[in-house]
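Only one structure is covered here, and it is reproduced in the block below.
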Amino acid sequence: MIEFSDCSLFYLQENTKLPVYDKFNLTINKGESVVLIGPSGCGKSTLLYMLAGLLKPSAGQVIVEGQKIDKPRQSTGFILQDYGLFPWLNVVDNIGLGLKIRGIHKKEKELMIKQILEEMGLAPFARHYPGQLSGGQRQRVALARVLTLKPDLLLMDEPLSSLDALTRERLQNLLLEIQQKEQLTTVLVTHDIEEAIFLGSRIIVLSGELPTRIIGDLSNPMVGTKDFRTTDNFFKLTIKVRELLERGLEPA
Ligand code: ADP
Ligand code: MG
C-alpha cells in the first residue's frame, strides 16, 4: 500500500515559494494501476519523484509498504519519458545493467535477459545500440530493463508520449498485458485521456491550479476487458475525464 499523508512540497522560483502540494493525501492499494492525469505543470512528475524517493516533501510523509520513503527503494522501478538508455551499450547490456549492479550471477543474468528479450519482442535487436532503434523499441528496452529487476511498484512518467499513434497503441497493449500478468502496482502519468482510461484501473484527475488538488478519482472496473477501446463505457469515461479536466482549469 502507498500513502501520501499530508504531503506538502514547494519549489523555490526566484526566491518565492511555488506551492505544488499542500497537505496532499492519497492512498493507493496493492495491485492497483493508477493513472494520474492533469494539465502540464500541475505536479504529476513531482508526485512520482516523491513516490520514488528522489524528492522529499517539505512536510508530511510518503509511505510504501509500511516504510517511510526518504530515499529510493530497491523494488520500485521508474521509467522516464526519455528512456534513460546508455547509447554506448547495446540492448543486452542496457537491460543487464541493473542486474549487474545487483550482483546477479552471469549465467542467471543471461537467462533472465534472454527471457525478457523474447517476451518484449526484442530478440532480433539484442546486439543493436539505442541509436539504431525506433522510439517504440527503445521504450521496450527501458521497460525490459526495469522489469528484469522484478519491481513490486512501477512508476512511469509519460512513457509513451513521444511515440507515433500506432506504436503508442501497441505499447499500451503491452503495458496492459504486463500489468495483468505481473499483478504489479503501477502509477502512470499521462496527459492523454484515452491512454488514461485504457490503462488505469483507477484514474486520478489533478487540478491545473497550484497547489494541486484531486478533482476526480474514478474507478474503472472494465479496464483490460476485450475491445474496451470501442465500448460505450470507454467513451463515457472519456467524456467524464474531459469535463473534469476542463473544470479543473478554471479557478476554484
Ligand atoms: P507536470 O509533470 O504535471 O507537468 P511538474 O511536477 O514537472 O508538473 O511541475 C509542477 C510545477 O513545479 C510546474 O509549475 C513547474 O514549473 C514547477 N517545477 C518543477 N520542477 C521544478 C524545479 N526543479 N524548480 C522550480 N520549479 C519547478
Ligand atoms: Mg511532467
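Starting from 1 in every chain, residues are counted up; chains themselves are A, B, ... following the order of the C-alpha cells, and ligands are numbered from 1 as listed.
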
For region 237-246 of chain A, please output as number ranges by chain all residues within 8 Å (counting only C-alpha atoms; exclusion window: fewer than 4 positions along the same chain).
-> A: 38-39, 193-194, 197, 205-207, 215-216, 233, 250

Residues of region 78-234 of chain A in helix (DSSP H, G or I), written as a PyMOL selection string | chain A and resi 91-101+106-119+123-125+130-132+135-147+165-182+193-199+228-230+232-234

Counting only C-alpha atoms and all ligand atoms, which protein, DNA or RNA residues come within 6 Å of ligand 1, given as number ranges by chain?
-> A: 11-13, 20, 40-46

Would you export the selected residues with all heavy atoms as a PDB file, in the first residue's frame, please?
```pdb
ATOM      1  N   TYR A  11       8.535  24.476  -4.597  1.00  0.00           N
ATOM      2  CA  TYR A  11       9.799  24.771  -5.268  1.00  0.00           C
ATOM      3  C   TYR A  11      10.109  26.237  -5.039  1.00  0.00           C
ATOM      4  O   TYR A  11       9.207  27.056  -4.887  1.00  0.00           O
ATOM      5  CB  TYR A  11       9.689  24.535  -6.774  1.00  0.00           C
ATOM      6  CG  TYR A  11       9.568  23.091  -7.185  1.00  0.00           C
ATOM      7  CD1 TYR A  11       8.401  22.616  -7.762  1.00  0.00           C
ATOM      8  CD2 TYR A  11      10.630  22.206  -7.011  1.00  0.00           C
ATOM      9  CE1 TYR A  11       8.285  21.292  -8.163  1.00  0.00           C
ATOM     10  CE2 TYR A  11      10.511  20.885  -7.410  1.00  0.00           C
ATOM     11  CZ  TYR A  11       9.350  20.434  -7.987  1.00  0.00           C
ATOM     12  OH  TYR A  11       9.237  19.124  -8.378  1.00  0.00           O
ATOM     13  N   LEU A  12      11.381  26.568  -5.016  1.00  0.00           N
ATOM     14  CA  LEU A  12      11.773  27.979  -4.947  1.00  0.00           C
ATOM     15  C   LEU A  12      11.973  28.485  -6.364  1.00  0.00           C
ATOM     16  O   LEU A  12      12.771  27.943  -7.116  1.00  0.00           O
ATOM     17  CB  LEU A  12      13.063  28.122  -4.148  1.00  0.00           C
ATOM     18  CG  LEU A  12      12.908  28.183  -2.633  1.00  0.00           C
ATOM     19  CD1 LEU A  12      14.269  28.294  -1.959  1.00  0.00           C
ATOM     20  CD2 LEU A  12      12.004  29.343  -2.207  1.00  0.00           C
ATOM     21  N   GLN A  13      11.218  29.508  -6.714  1.00  0.00           N
ATOM     22  CA  GLN A  13      11.397  30.131  -8.027  1.00  0.00           C
ATOM     23  C   GLN A  13      11.640  31.614  -7.796  1.00  0.00           C
ATOM     24  O   GLN A  13      10.753  32.328  -7.329  1.00  0.00           O
ATOM     25  CB  GLN A  13      10.162  29.919  -8.904  1.00  0.00           C
ATOM     26  CG  GLN A  13      10.042  28.498  -9.421  1.00  0.00           C
ATOM     27  CD  GLN A  13       8.961  28.342 -10.480  1.00  0.00           C
ATOM     28  OE1 GLN A  13       8.156  29.242 -10.670  1.00  0.00           O
ATOM     29  NE2 GLN A  13       8.944  27.212 -11.155  1.00  0.00           N
ATOM     30  N   VAL A  20       3.406  23.416  -4.791  1.00  0.00           N
ATOM     31  CA  VAL A  20       2.835  22.461  -5.744  1.00  0.00           C
ATOM     32  C   VAL A  20       1.853  21.534  -5.015  1.00  0.00           C
ATOM     33  O   VAL A  20       0.778  21.233  -5.525  1.00  0.00           O
ATOM     34  CB  VAL A  20       3.942  21.662  -6.458  1.00  0.00           C
ATOM     35  CG1 VAL A  20       3.344  20.718  -7.495  1.00  0.00           C
ATOM     36  CG2 VAL A  20       4.922  22.608  -7.144  1.00  0.00           C
ATOM     37  N   SER A  40      -0.401  20.212 -17.984  1.00  0.00           N
ATOM     38  CA  SER A  40       1.034  20.401 -17.857  1.00  0.00           C
ATOM     39  C   SER A  40       1.343  21.369 -16.705  1.00  0.00           C
ATOM     40  O   SER A  40       0.670  22.373 -16.543  1.00  0.00           O
ATOM     41  CB  SER A  40       1.524  20.962 -19.195  1.00  0.00           C
ATOM     42  OG  SER A  40       2.889  21.132 -19.138  1.00  0.00           O
ATOM     43  N   GLY A  41       2.313  21.032 -15.897  1.00  0.00           N
ATOM     44  CA  GLY A  41       2.729  21.912 -14.802  1.00  0.00           C
ATOM     45  C   GLY A  41       1.934  21.728 -13.520  1.00  0.00           C
ATOM     46  O   GLY A  41       2.146  22.445 -12.544  1.00  0.00           O
ATOM     47  N   CYS A  42       1.031  20.736 -13.476  1.00  0.00           N
ATOM     48  CA  CYS A  42       0.189  20.600 -12.282  1.00  0.00           C
ATOM     49  C   CYS A  42       0.858  19.760 -11.188  1.00  0.00           C
ATOM     50  O   CYS A  42       0.331  19.640 -10.091  1.00  0.00           O
ATOM     51  CB  CYS A  42      -1.170  20.017 -12.645  1.00  0.00           C
ATOM     52  SG  CYS A  42      -1.152  18.242 -12.920  1.00  0.00           S
ATOM     53  N   GLY A  43       2.015  19.187 -11.487  1.00  0.00           N
ATOM     54  CA  GLY A  43       2.733  18.486 -10.427  1.00  0.00           C
ATOM     55  C   GLY A  43       2.766  16.972 -10.566  1.00  0.00           C
ATOM     56  O   GLY A  43       3.111  16.267  -9.610  1.00  0.00           O
ATOM     57  N   LYS A  44       2.467  16.455 -11.747  1.00  0.00           N
ATOM     58  CA  LYS A  44       2.443  15.000 -11.927  1.00  0.00           C
ATOM     59  C   LYS A  44       3.824  14.383 -11.729  1.00  0.00           C
ATOM     60  O   LYS A  44       3.988  13.411 -10.999  1.00  0.00           O
ATOM     61  CB  LYS A  44       1.904  14.645 -13.334  1.00  0.00           C
ATOM     62  CG  LYS A  44       0.526  15.208 -13.613  1.00  0.00           C
ATOM     63  CD  LYS A  44       0.019  14.830 -14.997  1.00  0.00           C
ATOM     64  CE  LYS A  44       0.830  15.402 -16.156  1.00  0.00           C
ATOM     65  NZ  LYS A  44       0.812  16.865 -16.252  1.00  0.00           N
ATOM     66  N   SER A  45       4.820  14.957 -12.395  1.00  0.00           N
ATOM     67  CA  SER A  45       6.177  14.410 -12.251  1.00  0.00           C
ATOM     68  C   SER A  45       6.660  14.555 -10.807  1.00  0.00           C
ATOM     69  O   SER A  45       7.294  13.641 -10.264  1.00  0.00           O
ATOM     70  CB  SER A  45       7.156  15.132 -13.181  1.00  0.00           C
ATOM     71  OG  SER A  45       6.799  14.916 -14.525  1.00  0.00           O
ATOM     72  N   THR A  46       6.327  15.686 -10.206  1.00  0.00           N
ATOM     73  CA  THR A  46       6.728  15.922  -8.813  1.00  0.00           C
ATOM     74  C   THR A  46       6.193  14.817  -7.907  1.00  0.00           C
ATOM     75  O   THR A  46       6.906  14.303  -7.035  1.00  0.00           O
ATOM     76  CB  THR A  46       6.202  17.300  -8.352  1.00  0.00           C
ATOM     77  OG1 THR A  46       6.733  18.296  -9.228  1.00  0.00           O
ATOM     78  CG2 THR A  46       6.598  17.604  -6.926  1.00  0.00           C
TER      79      THR A  46
END
```

Using only C-alpha atoms, determine which residues lie at most 10 Å from Gly77 (chain A), disregarding the query and same-chain residues fewer than 3 positions distant; provide the list as a list in words.
->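 Contacts, with the query itself left out: Ala52, Pro72, Arg73, Gln74, Leu143, Arg145, Val146, Leu147, Thr148, Leu149, Lys150, Pro151, Asp152, Leu153, Leu154, Leu155, Met156 and Thr186 of chain A.
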
Residues at most 8 Å from region 106-109 of chain A, counting only C-alpha atoms, excluding those fewer than 5 positions away in the same chain, as JSON, numbers by chain?
-> {"A": [96, 99, 100]}

Which polymer residues have any atom within 7 Å of an atom of Arg127 (chain A), counting only C-alpha atoms, with same-chain residues fewer than 3 positions away left out, as a PyMOL selection string?
-> chain A and resi 90-92

Those residues you just picked out, can you put them in a file as a CSV table (one decimal), in the first residue's frame with N, CA and C atoms?
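Heads up, here's the output in result_20.csv:
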```
chain,number,residue,atom,x,y,z
A,90,ASN,N,24.8,-1.9,-25.9
A,90,ASN,CA,23.8,-2.5,-26.8
A,90,ASN,C,22.6,-2.9,-25.9
A,91,VAL,N,21.6,-3.4,-26.6
A,91,VAL,CA,20.3,-3.8,-25.9
A,91,VAL,C,20.5,-4.7,-24.8
A,92,VAL,N,21.3,-5.8,-25.0
A,92,VAL,CA,21.5,-6.8,-23.9
A,92,VAL,C,22.2,-6.1,-22.7
```

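Shell of Ala126 (chain A) at 12 Å, with only C-alpha atoms counted and residues fewer than 5 places along the chain excluded, is A:Leu89, A:Asn90, A:Val91, A:Val92, A:Asp93, A:Asn94, A:Ile95, A:Gly96, A:Glu110, A:Ile113, A:Lys114, A:Gln115, A:Ile116, A:Leu117, A:Glu118, A:Met120, A:Gly121, A:Gln132, A:Leu133, A:Gln137, A:Arg138, A:Arg140, A:Val141, A:Ala144.
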
So which residues touch Ser8 (chain A) within 6 Å, counting only C-alpha atoms, skipping near sequence neighbours fewer than 2 positions away, as a PyMOL selection string?
-> chain A and resi 21-23+57-59

Kindly save the residues from that selection, with N, CA, C and O atoms included, as a compact mmCIF listing (two decimals), in the first residue's frame.
```
# COMPACT_ATOMS: atom_id res chain seq x y z
N TYR A 21 2.25 21.11 -3.82
CA TYR A 21 1.34 20.30 -3.00
C TYR A 21 1.20 20.92 -1.61
O TYR A 21 2.17 21.42 -1.06
N ASP A 22 -0.01 20.90 -1.11
CA ASP A 22 -0.27 21.42 0.23
C ASP A 22 -1.17 20.44 0.96
O ASP A 22 -2.34 20.27 0.60
N LYS A 23 -0.61 19.76 1.94
CA LYS A 23 -1.36 18.76 2.73
C LYS A 23 -2.13 17.80 1.82
O LYS A 23 -3.34 17.62 1.94
N PRO A 57 9.18 15.51 0.46
CA PRO A 57 8.18 16.53 0.76
C PRO A 57 8.68 17.45 1.88
O PRO A 57 9.46 17.02 2.74
N SER A 58 8.26 18.72 1.83
CA SER A 58 8.72 19.64 2.87
C SER A 58 7.96 19.41 4.17
O SER A 58 8.43 19.77 5.24
N ALA A 59 6.80 18.79 4.07
CA ALA A 59 6.08 18.36 5.27
C ALA A 59 5.27 17.13 4.91
O ALA A 59 4.98 16.90 3.74
```

Of the listed residues A:Pro211, A:Pro159, A:Gly200, A:Gly224, that which approaches ligand 2 most closely, counting only C-alpha atoms and all ligand atoms = A:Pro159
